[in-house]
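*Asks:* For reference, the file query19.txt (compact mmCIF, N, CA and C atoms) is included below:
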# COMPACT_ATOMS: atom_id res chain seq x y z
N MET A 1 98.09 69.50 41.76
CA MET A 1 97.93 70.91 42.02
C MET A 1 96.51 71.21 42.51
N HIS A 2 95.53 70.54 41.95
CA HIS A 2 94.14 70.75 42.35
C HIS A 2 93.95 70.40 43.83
N ARG A 3 94.58 69.35 44.27
CA ARG A 3 94.47 68.90 45.66
C ARG A 3 94.99 69.97 46.62
N GLN A 4 96.11 70.58 46.25
CA GLN A 4 96.70 71.63 47.08
C GLN A 4 95.75 72.83 47.18
N GLU A 5 95.11 73.20 46.10
CA GLU A 5 94.17 74.31 46.11
C GLU A 5 92.97 74.02 47.01
N VAL A 6 92.50 72.79 46.99
CA VAL A 6 91.38 72.40 47.85
C VAL A 6 91.78 72.49 49.31
N ILE A 7 92.97 72.02 49.65
CA ILE A 7 93.46 72.07 51.03
C ILE A 7 93.61 73.52 51.48
N ILE A 8 94.19 74.35 50.64
CA ILE A 8 94.37 75.77 50.98
C ILE A 8 93.02 76.45 51.17
N SER A 9 92.09 76.16 50.30
CA SER A 9 90.75 76.74 50.40
C SER A 9 90.08 76.32 51.71
N SER A 10 90.22 75.05 52.07
CA SER A 10 89.63 74.56 53.32
C SER A 10 90.27 75.23 54.53
N LEU A 11 91.58 75.38 54.51
CA LEU A 11 92.27 76.06 55.61
C LEU A 11 91.83 77.52 55.74
N GLU A 12 91.68 78.20 54.61
CA GLU A 12 91.22 79.58 54.64
C GLU A 12 89.83 79.68 55.25
N LEU A 13 88.97 78.73 54.93
CA LEU A 13 87.62 78.72 55.48
C LEU A 13 87.65 78.52 57.00
N VAL A 14 88.44 77.57 57.46
CA VAL A 14 88.55 77.30 58.90
C VAL A 14 89.10 78.52 59.63
N LEU A 15 90.13 79.13 59.08
CA LEU A 15 90.72 80.31 59.71
C LEU A 15 89.74 81.48 59.72
N SER A 16 88.96 81.60 58.67
CA SER A 16 87.95 82.65 58.61
C SER A 16 86.91 82.46 59.71
N TYR A 17 86.44 81.22 59.89
CA TYR A 17 85.48 80.93 60.96
C TYR A 17 86.09 81.20 62.33
N ALA A 18 87.33 80.82 62.52
CA ALA A 18 88.00 81.04 63.80
C ALA A 18 88.13 82.53 64.09
N ASP A 19 88.48 83.31 63.09
CA ASP A 19 88.61 84.75 63.27
C ASP A 19 87.25 85.39 63.59
N ARG A 20 86.21 84.95 62.92
CA ARG A 20 84.87 85.48 63.19
C ARG A 20 84.41 85.12 64.60
N PHE A 21 84.70 83.90 65.03
CA PHE A 21 84.34 83.48 66.38
C PHE A 21 85.09 84.32 67.41
N TYR A 22 86.40 84.51 67.18
CA TYR A 22 87.23 85.29 68.10
C TYR A 22 86.71 86.71 68.23
N SER A 23 86.37 87.34 67.12
CA SER A 23 85.86 88.71 67.14
C SER A 23 84.47 88.79 67.77
N ARG A 24 83.65 87.79 67.51
CA ARG A 24 82.27 87.79 68.01
C ARG A 24 82.21 87.67 69.53
N GLN A 25 83.18 87.00 70.13
CA GLN A 25 83.10 86.83 71.58
C GLN A 25 83.20 88.15 72.32
N PHE A 26 83.83 89.16 71.72
CA PHE A 26 83.87 90.47 72.35
C PHE A 26 82.51 91.15 72.31
N LEU A 27 81.70 90.82 71.32
CA LEU A 27 80.38 91.42 71.20
C LEU A 27 79.36 90.74 72.09
N THR A 28 79.45 89.42 72.23
CA THR A 28 78.44 88.68 72.98
C THR A 28 78.73 88.62 74.47
N GLY A 29 79.93 88.91 74.89
CA GLY A 29 80.28 88.82 76.31
C GLY A 29 80.46 90.17 76.97
N LYS A 30 79.67 91.15 76.56
CA LYS A 30 79.86 92.52 77.05
C LYS A 30 79.81 92.61 78.57
N SER A 31 78.86 91.96 79.23
CA SER A 31 78.77 92.09 80.69
C SER A 31 80.01 91.49 81.35
N LYS A 32 80.48 90.39 80.83
CA LYS A 32 81.68 89.77 81.37
C LYS A 32 82.87 90.71 81.21
N TYR A 33 82.98 91.32 80.04
CA TYR A 33 84.11 92.20 79.78
C TYR A 33 83.96 93.52 80.51
N ASN A 34 82.73 93.97 80.72
CA ASN A 34 82.54 95.19 81.50
C ASN A 34 83.04 95.00 82.92
N THR A 35 82.82 93.81 83.49
CA THR A 35 83.33 93.49 84.81
C THR A 35 84.84 93.51 84.81
N LEU A 36 85.44 92.91 83.81
CA LEU A 36 86.90 92.89 83.71
C LEU A 36 87.44 94.30 83.52
N LEU A 37 86.80 95.10 82.68
CA LEU A 37 87.25 96.46 82.46
C LEU A 37 87.08 97.32 83.71
N THR A 38 86.04 97.05 84.49
CA THR A 38 85.85 97.75 85.77
C THR A 38 86.98 97.40 86.72
N LYS A 39 87.34 96.11 86.78
CA LYS A 39 88.46 95.69 87.62
C LYS A 39 89.76 96.32 87.15
N PHE A 40 89.96 96.40 85.85
CA PHE A 40 91.15 97.03 85.28
C PHE A 40 91.20 98.50 85.66
N ASP A 41 90.07 99.19 85.58
CA ASP A 41 90.00 100.59 85.95
C ASP A 41 90.32 100.78 87.43
N LYS A 42 89.79 99.91 88.27
CA LYS A 42 90.07 99.97 89.71
C LYS A 42 91.56 99.71 89.97
N TYR A 43 92.13 98.76 89.25
CA TYR A 43 93.55 98.46 89.38
C TYR A 43 94.39 99.69 89.05
N LEU A 44 94.04 100.40 87.98
CA LEU A 44 94.77 101.61 87.60
C LEU A 44 94.60 102.70 88.66
N ASP A 45 93.39 102.86 89.16
CA ASP A 45 93.16 103.85 90.23
C ASP A 45 93.99 103.53 91.46
N ASP A 46 94.02 102.26 91.84
CA ASP A 46 94.82 101.85 93.00
C ASP A 46 96.30 102.14 92.78
N LEU A 47 96.78 101.89 91.58
CA LEU A 47 98.19 102.18 91.28
C LEU A 47 98.48 103.67 91.43
N ILE A 48 97.58 104.49 90.95
CA ILE A 48 97.79 105.94 90.97
C ILE A 48 97.72 106.50 92.39
N HIS A 49 96.82 105.96 93.20
CA HIS A 49 96.58 106.52 94.52
C HIS A 49 97.35 105.83 95.65
N THR A 50 98.24 104.95 95.33
CA THR A 50 99.08 104.32 96.35
C THR A 50 100.54 104.60 96.00
N ASP A 51 101.43 104.07 96.79
CA ASP A 51 102.86 104.24 96.54
C ASP A 51 103.43 103.12 95.68
N ALA A 52 102.57 102.40 94.99
CA ALA A 52 103.03 101.25 94.21
C ALA A 52 103.93 101.66 93.06
N ILE A 53 103.62 102.74 92.38
CA ILE A 53 104.42 103.13 91.21
C ILE A 53 105.83 103.55 91.61
N PRO A 54 105.99 104.43 92.62
CA PRO A 54 107.37 104.77 93.00
C PRO A 54 108.17 103.56 93.51
N GLU A 55 107.49 102.64 94.18
CA GLU A 55 108.18 101.48 94.73
C GLU A 55 108.46 100.41 93.68
N GLN A 56 107.48 100.10 92.86
CA GLN A 56 107.58 98.98 91.93
C GLN A 56 107.78 99.42 90.48
N GLY A 57 107.52 100.67 90.18
CA GLY A 57 107.59 101.15 88.81
C GLY A 57 106.26 100.93 88.10
N VAL A 58 106.15 101.50 86.92
CA VAL A 58 104.93 101.36 86.13
C VAL A 58 104.90 99.97 85.52
N PRO A 59 103.82 99.21 85.74
CA PRO A 59 103.76 97.86 85.17
C PRO A 59 103.60 97.92 83.65
N ASN A 60 104.19 96.96 82.98
CA ASN A 60 104.00 96.91 81.52
C ASN A 60 102.68 96.19 81.21
N VAL A 61 102.30 96.25 79.97
CA VAL A 61 101.01 95.68 79.56
C VAL A 61 100.97 94.18 79.81
N GLY A 62 102.08 93.51 79.58
CA GLY A 62 102.14 92.07 79.83
C GLY A 62 101.89 91.73 81.28
N ALA A 63 102.42 92.53 82.19
CA ALA A 63 102.21 92.29 83.63
C ALA A 63 100.75 92.51 84.00
N ILE A 64 100.13 93.52 83.42
CA ILE A 64 98.71 93.77 83.70
C ILE A 64 97.86 92.63 83.16
N ALA A 65 98.16 92.19 81.95
CA ALA A 65 97.41 91.06 81.36
C ALA A 65 97.56 89.82 82.23
N ALA A 66 98.78 89.57 82.69
CA ALA A 66 99.02 88.40 83.55
C ALA A 66 98.24 88.50 84.86
N LYS A 67 98.14 89.71 85.41
CA LYS A 67 97.39 89.90 86.65
C LYS A 67 95.94 89.47 86.50
N PHE A 68 95.38 89.66 85.31
CA PHE A 68 94.00 89.27 85.05
C PHE A 68 93.91 87.91 84.35
N ASN A 69 95.01 87.17 84.34
CA ASN A 69 95.07 85.83 83.75
C ASN A 69 94.68 85.81 82.27
N LEU A 70 95.18 86.81 81.53
CA LEU A 70 94.93 86.90 80.10
C LEU A 70 96.26 86.95 79.36
N THR A 71 96.24 86.55 78.12
CA THR A 71 97.45 86.70 77.31
C THR A 71 97.56 88.16 76.88
N LEU A 72 98.77 88.57 76.54
CA LEU A 72 98.99 89.94 76.10
C LEU A 72 98.14 90.27 74.88
N LYS A 73 98.11 89.37 73.91
CA LYS A 73 97.34 89.61 72.67
C LYS A 73 95.84 89.72 72.97
N TYR A 74 95.33 88.83 73.81
CA TYR A 74 93.91 88.84 74.13
C TYR A 74 93.54 90.12 74.88
N PHE A 75 94.37 90.51 75.85
CA PHE A 75 94.13 91.73 76.61
C PHE A 75 94.18 92.95 75.68
N SER A 76 95.13 92.98 74.77
CA SER A 76 95.24 94.07 73.81
C SER A 76 93.99 94.16 72.94
N ASP A 77 93.53 93.02 72.46
CA ASP A 77 92.32 93.00 71.63
C ASP A 77 91.10 93.46 72.43
N LEU A 78 91.02 93.03 73.67
CA LEU A 78 89.90 93.41 74.53
C LEU A 78 89.86 94.93 74.73
N ILE A 79 91.00 95.51 75.06
CA ILE A 79 91.06 96.95 75.27
C ILE A 79 90.75 97.68 73.97
N ARG A 80 91.30 97.20 72.88
CA ARG A 80 91.06 97.83 71.57
C ARG A 80 89.59 97.79 71.20
N GLN A 81 88.94 96.66 71.42
CA GLN A 81 87.51 96.52 71.07
C GLN A 81 86.63 97.45 71.90
N HIS A 82 87.00 97.66 73.16
CA HIS A 82 86.12 98.43 74.05
C HIS A 82 86.46 99.90 74.13
N THR A 83 87.60 100.30 73.62
CA THR A 83 87.91 101.72 73.64
C THR A 83 87.94 102.30 72.24
N SER A 84 88.20 101.48 71.25
CA SER A 84 88.25 101.85 69.84
C SER A 84 89.32 102.87 69.50
N THR A 85 90.06 103.32 70.48
CA THR A 85 91.11 104.30 70.19
C THR A 85 92.44 103.89 70.74
N PHE A 86 92.46 103.02 71.73
CA PHE A 86 93.68 102.63 72.41
C PHE A 86 94.28 101.44 71.71
N ARG A 87 95.53 101.52 71.30
CA ARG A 87 96.15 100.42 70.59
C ARG A 87 97.44 100.01 71.27
N ILE A 88 97.54 98.73 71.59
CA ILE A 88 98.75 98.18 72.21
C ILE A 88 99.46 97.35 71.16
N SER A 89 100.71 97.61 70.94
CA SER A 89 101.46 96.86 69.94
C SER A 89 102.22 95.72 70.58
Turn this file's structure into structure tokens for me.

*Replies:*
Amino acid sequence: MHRQEVIISSLELVLSYADRFYSRQFLTGKSKYNTLLTKFDKYLDDLIHTDAIPEQGVPNVGAIAAKFNLTLKYFSDLIRQHTSTFRIS
């Protein structure tokens, strides 16, 4: 039983470090993410000011994330971190 507790404790520590690293990258890469968010904003403006929406429909979040070569979860976290109010489920 002691061995199992040690393994669980070690896994919790590794996961904690991974979570901290994942969260920290949004803080240290602000200029990189500002560029991405600027491109995202331009993409939304282009959608609104062209005939893309009537022709193709409104893109879902997954399609937008794919356009920027990001996973849905990563894109959601990025938007959430930089807007603090927008939440994608």

*Asks:* Mind giving me the straight-line distance from atom CA of A:Leu70 to atom CA of A:Leu37 in Å, one decimal?

*Replies:*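 A separation of 12.5 Å between them.
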
*Asks:* Using only N, CA and C atoms, determine which residues lie at most 7 Å from A:Leu72, disregarding the query and same-chain residues fewer than 4 positions distant; provide the list as an MDAnalysis selection string.

*Replies:* chainID A and resid 61:62 65:66 76:77

*Asks:* Store the residues picked out above in a file with N, CA and C atoms, as a short mmCIF file (atom, residue, chain, number, x, y, z; two decimals), in the frame of the given file.

*Replies:*
data_model
loop_
_atom_site.label_atom_id
_atom_site.label_comp_id
_atom_site.auth_asym_id
_atom_site.auth_seq_id
_atom_site.Cartn_x
_atom_site.Cartn_y
_atom_site.Cartn_z
N VAL A 61 102.30 96.25 79.97
CA VAL A 61 101.01 95.68 79.56
C VAL A 61 100.97 94.18 79.81
N GLY A 62 102.08 93.51 79.58
CA GLY A 62 102.14 92.07 79.83
C GLY A 62 101.89 91.73 81.28
N ALA A 65 98.16 92.19 81.95
CA ALA A 65 97.41 91.06 81.36
C ALA A 65 97.56 89.82 82.23
N ALA A 66 98.78 89.57 82.69
CA ALA A 66 99.02 88.40 83.55
C ALA A 66 98.24 88.50 84.86
N SER A 76 95.13 92.98 74.77
CA SER A 76 95.24 94.07 73.81
C SER A 76 93.99 94.16 72.94
N ASP A 77 93.53 93.02 72.46
CA ASP A 77 92.32 93.00 71.63
C ASP A 77 91.10 93.46 72.43
#

*Asks:* For atom C of A:Thr35 and atom CA of A:Lys73, quote the distance in Å rounded to one decimal.

*Replies:*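 Taking atom C of A:Thr35 and atom CA of A:Lys73, their separation equals 17.9 Å.
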
*Asks:* Grab all the atoms of stretch 60-79 of chain A that the file lists, wrap them in a box along x, y and z, add 5 Å per side, and give me centre plus edge lengths in Å (one decimal) as lines of an AutoDock Vina configuration file.

*Replies:*
center_x = 97.0
center_y = 91.7
center_z = 79.1
size_x = 24.3
size_y = 21.9
size_z = 25.0

*Asks:* Could you work out how far atom CA of A:Thr83 lies from atom CA of A:Pro54, giving the answer in Å with one decimal?

*Replies:* 27.6 Å
